[in-house]
$ cat protein_24.csv   # CSV, C-alpha atoms and all ligand atoms
chain,number,residue,atom,x,y,z
Q,1,MET,CA,88.5,102.6,82.4
Q,2,ARG,CA,87.7,99.1,81.0
Q,3,ILE,CA,84.2,97.9,81.9
Q,4,ILE,CA,83.7,94.1,81.5
Q,5,ALA,CA,80.2,92.8,81.5
Q,6,ALA,CA,79.8,89.5,83.5
Q,7,LYS,CA,76.7,87.4,83.3
Q,8,ASP,CA,76.2,87.0,87.1
Q,9,TYR,CA,78.0,87.0,90.4
Q,10,ASN,CA,79.9,83.7,89.7
Q,11,ASP,CA,81.0,84.9,86.3
Q,12,MET,CA,82.2,88.2,87.8
Q,13,SER,CA,84.1,86.3,90.5
Q,14,ARG,CA,85.8,84.0,88.0
Q,15,LYS,CA,86.8,86.9,85.7
Q,16,ALA,CA,88.2,88.8,88.7
Q,17,ALA,CA,90.1,85.8,90.0
Q,18,ASN,CA,91.6,85.3,86.5
Q,19,ILE,CA,93.0,88.8,86.7
Q,20,ILE,CA,94.4,88.4,90.2
Q,21,SER,CA,95.9,85.0,89.2
Q,22,ALA,CA,97.7,86.6,86.2
Q,23,GLN,CA,99.1,89.2,88.5
Q,24,VAL,CA,100.4,86.5,90.9
Q,25,ILE,CA,101.9,84.4,88.1
Q,26,LEU,CA,103.6,87.4,86.4
Q,27,LYS,CA,105.0,88.8,89.7
Q,28,PRO,CA,105.0,86.1,92.5
Q,29,ASP,CA,106.1,88.7,95.1
Q,30,CYS,CA,103.5,91.2,94.2
Q,31,VAL,CA,101.6,93.4,96.6
Q,32,LEU,CA,97.8,92.8,96.4
Q,33,GLY,CA,95.5,95.4,97.9
Q,34,LEU,CA,92.5,93.5,99.2
Q,35,ALA,CA,88.9,94.3,100.1
Q,36,THR,CA,86.2,92.9,102.3
Q,37,GLY,CA,82.4,92.9,101.8
Q,38,SER,CA,80.2,90.4,100.0
Q,39,SER,CA,81.4,91.5,96.5
Q,40,PRO,CA,84.9,89.9,96.6
Q,41,ILE,CA,84.0,86.7,98.5
Q,42,GLY,CA,83.4,84.7,95.3
Q,43,THR,CA,86.7,85.9,93.9
Q,44,TYR,CA,88.5,84.6,97.0
Q,45,LYS,CA,86.6,81.3,96.7
Q,46,GLN,CA,87.7,80.9,93.1
Q,47,LEU,CA,91.3,81.7,94.0
Q,48,ILE,CA,91.3,79.2,96.8
Q,49,GLU,CA,89.9,76.5,94.4
Q,50,TRP,CA,92.7,77.2,91.9
Q,51,TYR,CA,95.3,77.2,94.7
Q,52,LYS,CA,94.0,73.8,95.9
Q,53,LYS,CA,94.3,72.4,92.3
Q,54,GLY,CA,98.0,73.5,92.4
Q,55,ASP,CA,97.7,76.3,89.9
Q,56,LEU,CA,98.6,79.2,92.2
Q,57,ASP,CA,101.4,79.9,94.7
Q,58,PHE,CA,100.9,82.7,97.2
Q,59,SER,CA,104.1,82.1,99.3
Q,60,GLN,CA,105.8,85.3,98.3
Q,61,VAL,CA,102.6,87.5,97.9
Q,62,LYS,CA,102.2,90.5,100.2
Q,63,THR,CA,98.9,92.1,101.0
Q,64,ALA,CA,97.5,95.4,102.3
Q,65,ASN,CA,93.9,95.5,103.1
Q,66,LEU,CA,91.8,98.7,102.6
Q,67,ASP,CA,90.2,99.1,105.9
Q,68,GLU,CA,89.2,98.0,109.4
Q,69,TYR,CA,86.6,98.9,112.0
Q,70,ARG,CA,88.0,101.1,114.8
Q,71,GLY,CA,87.6,99.5,118.2
Q,72,LEU,CA,86.6,96.0,117.1
Q,73,PRO,CA,89.0,93.3,118.4
Q,74,LYS,CA,90.6,91.2,115.7
Q,75,SER,CA,89.0,88.2,117.4
Q,76,ASN,CA,85.5,89.5,116.7
Q,77,ASP,CA,84.1,87.6,113.8
Q,78,GLN,CA,83.0,90.9,112.1
Q,79,SER,CA,86.5,92.4,112.1
Q,80,TYR,CA,88.0,92.6,108.7
Q,81,ASP,CA,91.1,90.8,110.1
Q,82,TYR,CA,88.8,87.8,110.9
Q,83,PHE,CA,87.0,88.1,107.6
Q,84,MET,CA,90.2,88.0,105.6
Q,85,LYS,CA,91.5,84.9,107.4
Q,86,ASP,CA,88.2,83.2,107.3
Q,87,ASN,CA,87.4,83.9,103.6
Q,88,PHE,CA,90.9,83.7,102.1
Q,89,PHE,CA,94.2,83.7,104.1
Q,90,ASN,CA,93.5,80.5,106.1
Q,91,HIS,CA,93.0,78.5,102.9
Q,92,ILE,CA,96.1,79.4,100.9
Q,93,ASN,CA,99.9,79.2,101.4
Q,94,ILE,CA,100.3,82.9,102.2
Q,95,ASN,CA,103.0,83.9,104.8
Q,96,PHE,CA,101.1,85.6,107.7
Q,97,ASP,CA,104.0,87.9,108.2
Q,98,ASN,CA,103.2,89.4,104.8
Q,99,LEU,CA,99.6,90.4,105.6
Q,100,HIS,CA,98.7,94.0,106.5
Q,101,ILE,CA,95.4,95.5,107.7
Q,102,PRO,CA,94.9,98.8,109.6
Q,103,ASP,CA,95.0,98.1,113.3
Q,104,GLY,CA,91.5,98.6,114.5
Q,105,GLU,CA,92.7,97.8,118.1
Q,106,GLU,CA,94.9,100.9,118.1
Q,107,PRO,CA,92.7,103.6,119.9
Q,108,ASP,CA,95.0,106.5,118.8
Q,109,ALA,CA,93.6,107.3,115.4
Q,110,GLU,CA,96.6,109.5,114.4
Q,111,LYS,CA,99.0,106.7,115.2
Q,112,ALA,CA,97.0,104.0,113.5
Q,113,CYS,CA,96.7,106.0,110.3
Q,114,ALA,CA,100.4,107.1,110.2
Q,115,ASP,CA,101.5,103.5,111.0
Q,116,TYR,CA,99.5,102.2,108.1
Q,117,ASP,CA,100.7,104.8,105.6
Q,118,ARG,CA,104.3,103.8,106.6
Q,119,ILE,CA,103.5,100.1,106.1
Q,120,VAL,CA,102.1,100.6,102.6
Q,121,ALA,CA,105.0,102.9,101.7
Q,122,GLU,CA,107.5,100.2,102.9
Q,123,LEU,CA,105.7,97.6,100.8
Q,124,GLY,CA,106.6,99.9,97.8
Q,125,GLY,CA,102.9,100.6,97.0
Q,126,VAL,CA,100.2,98.3,95.7
Q,127,ASP,CA,100.5,96.4,92.4
Q,128,LEU,CA,96.9,95.4,92.1
Q,129,GLN,CA,94.1,96.8,94.2
Q,130,LEU,CA,90.8,94.9,94.4
Q,131,LEU,CA,87.8,97.0,95.3
Q,132,GLY,CA,84.1,96.6,96.0
Q,133,MET,CA,81.9,99.7,96.1
Q,134,GLY,CA,79.3,100.8,98.7
Q,135,HIS,CA,75.8,101.9,97.7
Q,136,ASN,CA,76.8,105.5,98.2
Q,137,GLY,CA,80.0,105.1,96.1
Q,138,HIS,CA,82.3,104.6,99.0
Q,139,ILE,CA,85.6,102.7,98.3
Q,140,GLY,CA,87.4,101.2,101.3
Q,141,PHE,CA,85.5,103.2,103.9
Q,142,ASN,CA,86.0,106.6,102.2
Q,143,GLU,CA,82.5,107.9,102.5
Q,144,PRO,CA,81.1,110.8,100.4
Q,145,SER,CA,82.7,114.0,101.5
Q,146,ASP,CA,83.8,117.5,100.4
Q,147,VAL,CA,87.3,116.3,99.7
Q,148,PHE,CA,89.2,113.2,98.5
Q,149,ALA,CA,91.3,112.0,101.5
Q,150,LYS,CA,94.9,111.4,100.6
Q,151,GLY,CA,96.3,108.9,103.1
Q,152,THR,CA,94.9,106.6,105.8
Q,153,ASN,CA,92.2,108.3,107.8
Q,154,CYS,CA,89.7,107.7,110.5
Q,155,VAL,CA,86.1,108.0,109.2
Q,156,ASP,CA,82.7,108.3,110.8
Q,157,LEU,CA,80.5,105.8,108.9
Q,158,GLN,CA,77.4,107.1,107.3
Q,159,GLU,CA,74.0,106.0,108.5
Q,160,SER,CA,73.5,104.2,105.1
Q,161,THR,CA,76.7,102.3,105.6
Q,162,ILE,CA,75.9,101.3,109.1
Q,163,GLU,CA,72.4,100.2,107.9
Q,164,ALA,CA,74.0,98.2,105.0
Q,165,ASN,CA,76.4,96.5,107.3
Q,166,LYS,CA,74.0,95.7,110.1
Q,167,ARG,CA,73.1,92.4,108.5
Q,168,PHE,CA,76.5,91.1,109.7
Q,169,PHE,CA,75.9,92.0,113.4
Q,170,ALA,CA,73.4,90.8,116.0
Q,171,SER,CA,71.9,94.3,116.1
Q,172,ILE,CA,72.5,97.7,114.6
Q,173,ASP,CA,73.9,99.0,117.9
Q,174,GLU,CA,76.8,96.6,117.6
Q,175,VAL,CA,77.9,98.0,114.2
Q,176,PRO,CA,81.0,100.1,114.8
Q,177,ARG,CA,80.6,103.9,114.1
Q,178,GLN,CA,84.1,104.5,112.9
Q,179,ALA,CA,86.7,102.8,110.7
Q,180,TYR,CA,90.3,103.3,109.6
Q,181,THR,CA,90.6,103.3,105.8
Q,182,MET,CA,93.3,103.7,103.2
Q,183,GLY,CA,92.9,107.1,101.6
Q,184,ILE,CA,91.7,107.8,98.1
Q,185,GLY,CA,95.2,109.0,97.3
Q,186,THR,CA,96.8,105.7,98.2
Q,187,ILE,CA,94.1,103.7,96.3
Q,188,MET,CA,94.7,105.9,93.3
Q,189,SER,CA,98.5,105.2,93.5
Q,190,ALA,CA,98.0,101.5,93.0
Q,191,LYS,CA,99.4,100.4,89.6
Q,192,LYS,CA,96.3,98.5,88.6
Q,193,ILE,CA,92.8,98.6,90.1
Q,194,LEU,CA,90.1,95.9,89.8
Q,195,VAL,CA,86.5,96.7,90.8
Q,196,VAL,CA,83.9,94.0,91.3
Q,197,VAL,CA,80.3,95.0,91.5
Q,198,SER,CA,77.1,93.0,91.3
Q,199,GLY,CA,73.4,93.2,91.9
Q,200,LYS,CA,70.4,95.5,90.9
Q,201,ASP,CA,70.8,97.5,94.1
Q,202,LYS,CA,74.2,98.7,92.9
Q,203,ALA,CA,72.9,99.7,89.4
Q,204,PRO,CA,72.3,103.4,90.3
Q,205,ILE,CA,75.7,103.9,91.9
Q,206,VAL,CA,77.5,102.1,89.0
Q,207,LYS,CA,75.9,104.7,86.6
Q,208,LYS,CA,76.9,107.6,88.8
Q,209,ALA,CA,80.4,106.5,89.7
Q,210,PHE,CA,81.6,105.4,86.3
Q,211,PHE,CA,79.5,107.6,83.9
Q,212,GLY,CA,78.8,110.6,86.0
Q,213,PRO,CA,80.8,113.7,87.1
Q,214,ILE,CA,84.0,113.1,89.2
Q,215,THR,CA,83.2,114.3,92.7
Q,216,PRO,CA,84.2,113.4,96.3
Q,217,ARG,CA,80.4,113.1,96.8
Q,218,VAL,CA,80.7,109.9,94.9
Q,219,PRO,CA,84.2,108.7,96.0
Q,220,ALA,CA,84.5,105.9,93.4
Q,221,SER,CA,84.0,108.4,90.6
Q,222,ILE,CA,87.7,109.4,90.9
Q,223,LEU,CA,88.6,106.0,89.5
Q,224,GLN,CA,87.7,107.4,86.1
Q,225,LEU,CA,91.0,109.3,86.3
Q,226,HIS,CA,93.2,106.2,87.0
Q,227,PRO,CA,95.1,105.0,84.0
Q,228,ASP,CA,94.5,101.2,84.6
Q,229,VAL,CA,91.1,100.4,86.0
Q,230,THR,CA,89.1,97.3,85.2
Q,231,VAL,CA,85.5,97.2,86.4
Q,232,ILE,CA,83.8,93.8,86.3
Q,233,ALA,CA,80.1,94.2,86.7
Q,234,ASP,CA,77.3,91.7,86.3
Q,235,ALA,CA,74.3,92.3,84.1
Q,236,ASP,CA,72.2,93.5,87.1
Q,237,ALA,CA,74.7,96.1,88.2
Q,238,LEU,CA,75.0,97.4,84.6
Q,239,SER,CA,71.2,97.5,84.0
Q,240,GLU,CA,71.0,101.3,84.3
Q,241,CYS,CA,73.9,102.1,82.0
Q,301,LIG,C1,82.0,97.8,103.1
Q,301,LIG,C2,83.6,97.8,102.9
Q,301,LIG,C3,83.9,98.1,101.4
Q,301,LIG,C4,83.0,97.4,100.5
Q,301,LIG,C5,81.6,97.9,100.7
Q,301,LIG,C6,80.6,97.1,99.8
Q,301,LIG,O1,81.6,98.8,103.9
Q,301,LIG,N1,84.3,98.7,103.7
Q,301,LIG,O2,85.3,97.9,101.2
Q,301,LIG,O3,83.4,97.6,99.2
Q,301,LIG,O4,81.2,97.9,102.0
Q,301,LIG,O5,80.2,96.0,100.4
Q,301,LIG,P1,79.4,94.8,99.6
Q,301,LIG,O6,80.5,94.2,98.7
Q,301,LIG,O7,79.1,93.8,100.7
Q,301,LIG,O8,78.3,95.5,98.9
$ encode --input "protein_24.csv" --output "structure tokens"
Amino acid sequence: MRIIAAKDYNDMSRKAANIISAQVILKPDCVLGLATGSSPIGTYKQLIEWYKKGDLDFSQVKTANLDEYRGLPKSNDQSYDYFMKDNFFNHININFDNLHIPDGEEPDAEKACADYDRIVAELGGVDLQLLGMGHNGHIGFNEPSDVFAKGTNCVDLQESTIEANKRFFASIDEVPRQAYTMGIGTIMSAKKILVVVSGKDKAPIVKKAFFGPITPRVPASILQLHPDVTVIADADALSEC
């Protein structure tokens, strides 16, 4: 695991965007695994800026997002489908047929998960997986658990996650209680993994996840076993290490 110290959120975002750019330049038809949340927004902004300058071409890139709320229509501005279009896809020359996100509108959880596993397999796996990390160490929506989930699964969101995500909704009652998420097994089978993490509030979990024991109670800790992980963390997030 490579840990790169960034000065602040902007520096972290630029460094992460550089790594994604290199991937797209080296393999124009690569599969990018993408994430939502506030952590990667700056990375997407930077990529859009470089695309607008003519430095990047996403026309052949394929994407597979980590997760989606179950039961939230795509048109809802808090769905991850909406988030990705709003923060990234609508601003670059990506082919919308090449974008993949678990189908939160599919009520049959078994079907939604099996479908998504098949889609990721058909893509041939993920070349570069971008990740944020929740305060409890969740990656995607893989919450602390007794086991590491292998494939796409339907999860009950923990109270702390619902609490953390309520800022995006009109009230806490509107935060969905379940989500479909790519499994830890699928995340770990990505060829490269890039984690972005910033802020003092993430400092305790950064220490636990990347320097503590490997346990499904801290899902991100499994990343310590992956052969090619880069963590880009700002000074605040590294302040307890
Ligand atoms: C959300 C997402 C995760 C994300 C995490 C952290 O619940 N499902 O993919 O990494 O929370 O979010 P943030 O970057 O806003 O702290």
$ residues_around --input "protein_24.csv" --residues "Leu238 (chain Q)" --least-positions-apart "2" --cutoff "8 Å" --atoms "all atoms listed in the file" --output "mmCIF file with C-alpha atoms, in the coordinates of the input"
data_model
loop_
_atom_site.group_PDB
_atom_site.id
_atom_site.type_symbol
_atom_site.label_atom_id
_atom_site.label_comp_id
_atom_site.auth_asym_id
_atom_site.auth_seq_id
_atom_site.Cartn_x
_atom_site.Cartn_y
_atom_site.Cartn_z
ATOM 1 C CA ALA Q 5 80.200 92.800 81.500
ATOM 2 C CA ALA Q 203 72.900 99.700 89.400
ATOM 3 C CA VAL Q 206 77.500 102.100 89.000
ATOM 4 C CA LYS Q 207 75.900 104.700 86.600
ATOM 5 C CA ALA Q 233 80.100 94.200 86.700
ATOM 6 C CA ASP Q 234 77.300 91.700 86.300
ATOM 7 C CA ALA Q 235 74.300 92.300 84.100
ATOM 8 C CA ASP Q 236 72.200 93.500 87.100
ATOM 9 C CA GLU Q 240 71.000 101.300 84.300
ATOM 10 C CA CYS Q 241 73.900 102.100 82.000
#
$ atom_distance --input "protein_24.csv" --atom1 "atom O8 of ligand LIG 301 (chain Q)" --atom2 "CA of Ala220 (chain Q)"
13.3 Å
$ residues_around --input "protein_24.csv" --residues "Tyr80 (chain Q)" --least-positions-apart "2" --cutoff "7 Å" --atoms "all atoms listed in the file" --output "PyMOL selection string"
chain Q and resi 36+68+78+82-84
$ closest_residue --input "protein_24.csv" --among "Q:Arg177, Q:Arg217, Q:Lys166, Q:Lys62" --to "Gly125 (chain Q)" --atoms "only C-alpha atoms"
Q:Lys62
$ closest_atom_pairs --input "protein_24.csv" --of "chain Q" --to "ligand LIG 301 (chain Q)" --cutoff "6 Å" --atoms "only C-alpha atoms and all ligand atoms" --output "Markdown table"
| residue | atom | partner | partner_atom | distance |
| --- | --- | --- | --- | --- |
| Q:Ala35 | CA | Q:LIG301 | O2 | 5.2 |
| Q:Thr36 | CA | Q:LIG301 | O2 | 5.2 |
| Q:Gly37 | CA | Q:LIG301 | O7 | 3.6 |
| Q:Ser38 | CA | Q:LIG301 | O7 | 3.6 |
| Q:Ser39 | CA | Q:LIG301 | O6 | 3.6 |
| Q:Leu131 | CA | Q:LIG301 | O3 | 5.9 |
| Q:Gly132 | CA | Q:LIG301 | O3 | 3.4 |
| Q:Met133 | CA | Q:LIG301 | O3 | 4.0 |
| Q:Gly134 | CA | Q:LIG301 | C6 | 4.1 |
| Q:Ile139 | CA | Q:LIG301 | O2 | 5.6 |
| Q:Gly140 | CA | Q:LIG301 | O2 | 3.9 |
| Q:Phe141 | CA | Q:LIG301 | N1 | 4.7 |
$ atom_distance --input "protein_24.csv" --atom1 "CA of Val229 (chain Q)" --atom2 "CA of Thr215 (chain Q)"
17.3 Å
$ residues_around --input "protein_24.csv" --residues "Ile3 (chain Q)" --least-positions-apart "3" --cutoff "7 Å" --atoms "all atoms listed in the file" --output "JSON, numbers by chain"
{"Q": [230, 231, 232]}
$ closest_residue --input "protein_24.csv" --among "Q:Ser75, Q:Asn153, Q:Gln23, Q:Asn142" --to "Glu110 (chain Q)" --atoms "only C-alpha atoms"
Q:Asn153
$ closest_residue --input "protein_24.csv" --among "Q:Asn18, Q:Ser239, Q:Thr152, Q:Ser221" --to "Pro102 (chain Q)" --atoms "all atoms listed in the file"
Q:Thr152
$ closest_residue --input "protein_24.csv" --among "Q:Met1, Q:Val31, Q:Ala179, Q:Leu47" --to "Glu105 (chain Q)" --atoms "all atoms listed in the file"
Q:Ala179
$ closest_residue --input "protein_24.csv" --among "Q:Ile92, Q:Val126, Q:Ala114, Q:Ile25" --to "Asn65 (chain Q)" --atoms "only C-alpha atoms"
Q:Val126
$ atom_distance --input "protein_24.csv" --atom1 "CA of Asn93 (chain Q)" --atom2 "CA of Thr186 (chain Q)"
26.9 Å
$ closest_residue --input "protein_24.csv" --among "Q:Ser13, Q:Asn165, Q:Ser145, Q:Thr63" --to "Gln46 (chain Q)" --atoms "all atoms listed in the file"
Q:Ser13
$ residues_around --input "protein_24.csv" --residues "Glu143 (chain Q)" --least-positions-apart "3" --cutoff "9 Å" --atoms "only C-alpha atoms" --output "list of chain:residue names"
Q:Gly134, Q:Asn136, Q:Gly137, Q:His138, Q:Ile139, Q:Gly140, Q:Val155, Q:Asp156, Q:Leu157, Q:Gln158, Q:Thr161, Q:Pro216, Q:Arg217, Q:Val218, Q:Pro219
$ write_last_selection --input "protein_24.csv" --atoms "C-alpha atoms" --output "JSON list (two decimals), in the coordinates of the input"
[["chain", "number", "residue", "atom", "x", "y", "z"],
["Q", 134, "GLY", "CA", 79.30, 100.80, 98.70],
["Q", 136, "ASN", "CA", 76.80, 105.50, 98.20],
["Q", 137, "GLY", "CA", 80.00, 105.10, 96.10],
["Q", 138, "HIS", "CA", 82.30, 104.60, 99.00],
["Q", 139, "ILE", "CA", 85.60, 102.70, 98.30],
["Q", 140, "GLY", "CA", 87.40, 101.20, 101.30],
["Q", 155, "VAL", "CA", 86.10, 108.00, 109.20],
["Q", 156, "ASP", "CA", 82.70, 108.30, 110.80],
["Q", 157, "LEU", "CA", 80.50, 105.80, 108.90],
["Q", 158, "GLN", "CA", 77.40, 107.10, 107.30],
["Q", 161, "THR", "CA", 76.70, 102.30, 105.60],
["Q", 216, "PRO", "CA", 84.20, 113.40, 96.30],
["Q", 217, "ARG", "CA", 80.40, 113.10, 96.80],
["Q", 218, "VAL", "CA", 80.70, 109.90, 94.90],
["Q", 219, "PRO", "CA", 84.20, 108.70, 96.00]]
$ residues_near_point --input "protein_24.csv" --point "(96.9, 91.4, 92.1)" --cutoff "6 Å" --atoms "all atoms listed in the file" --output "PyMOL selection string"
chain Q and resi 20+23+32+128
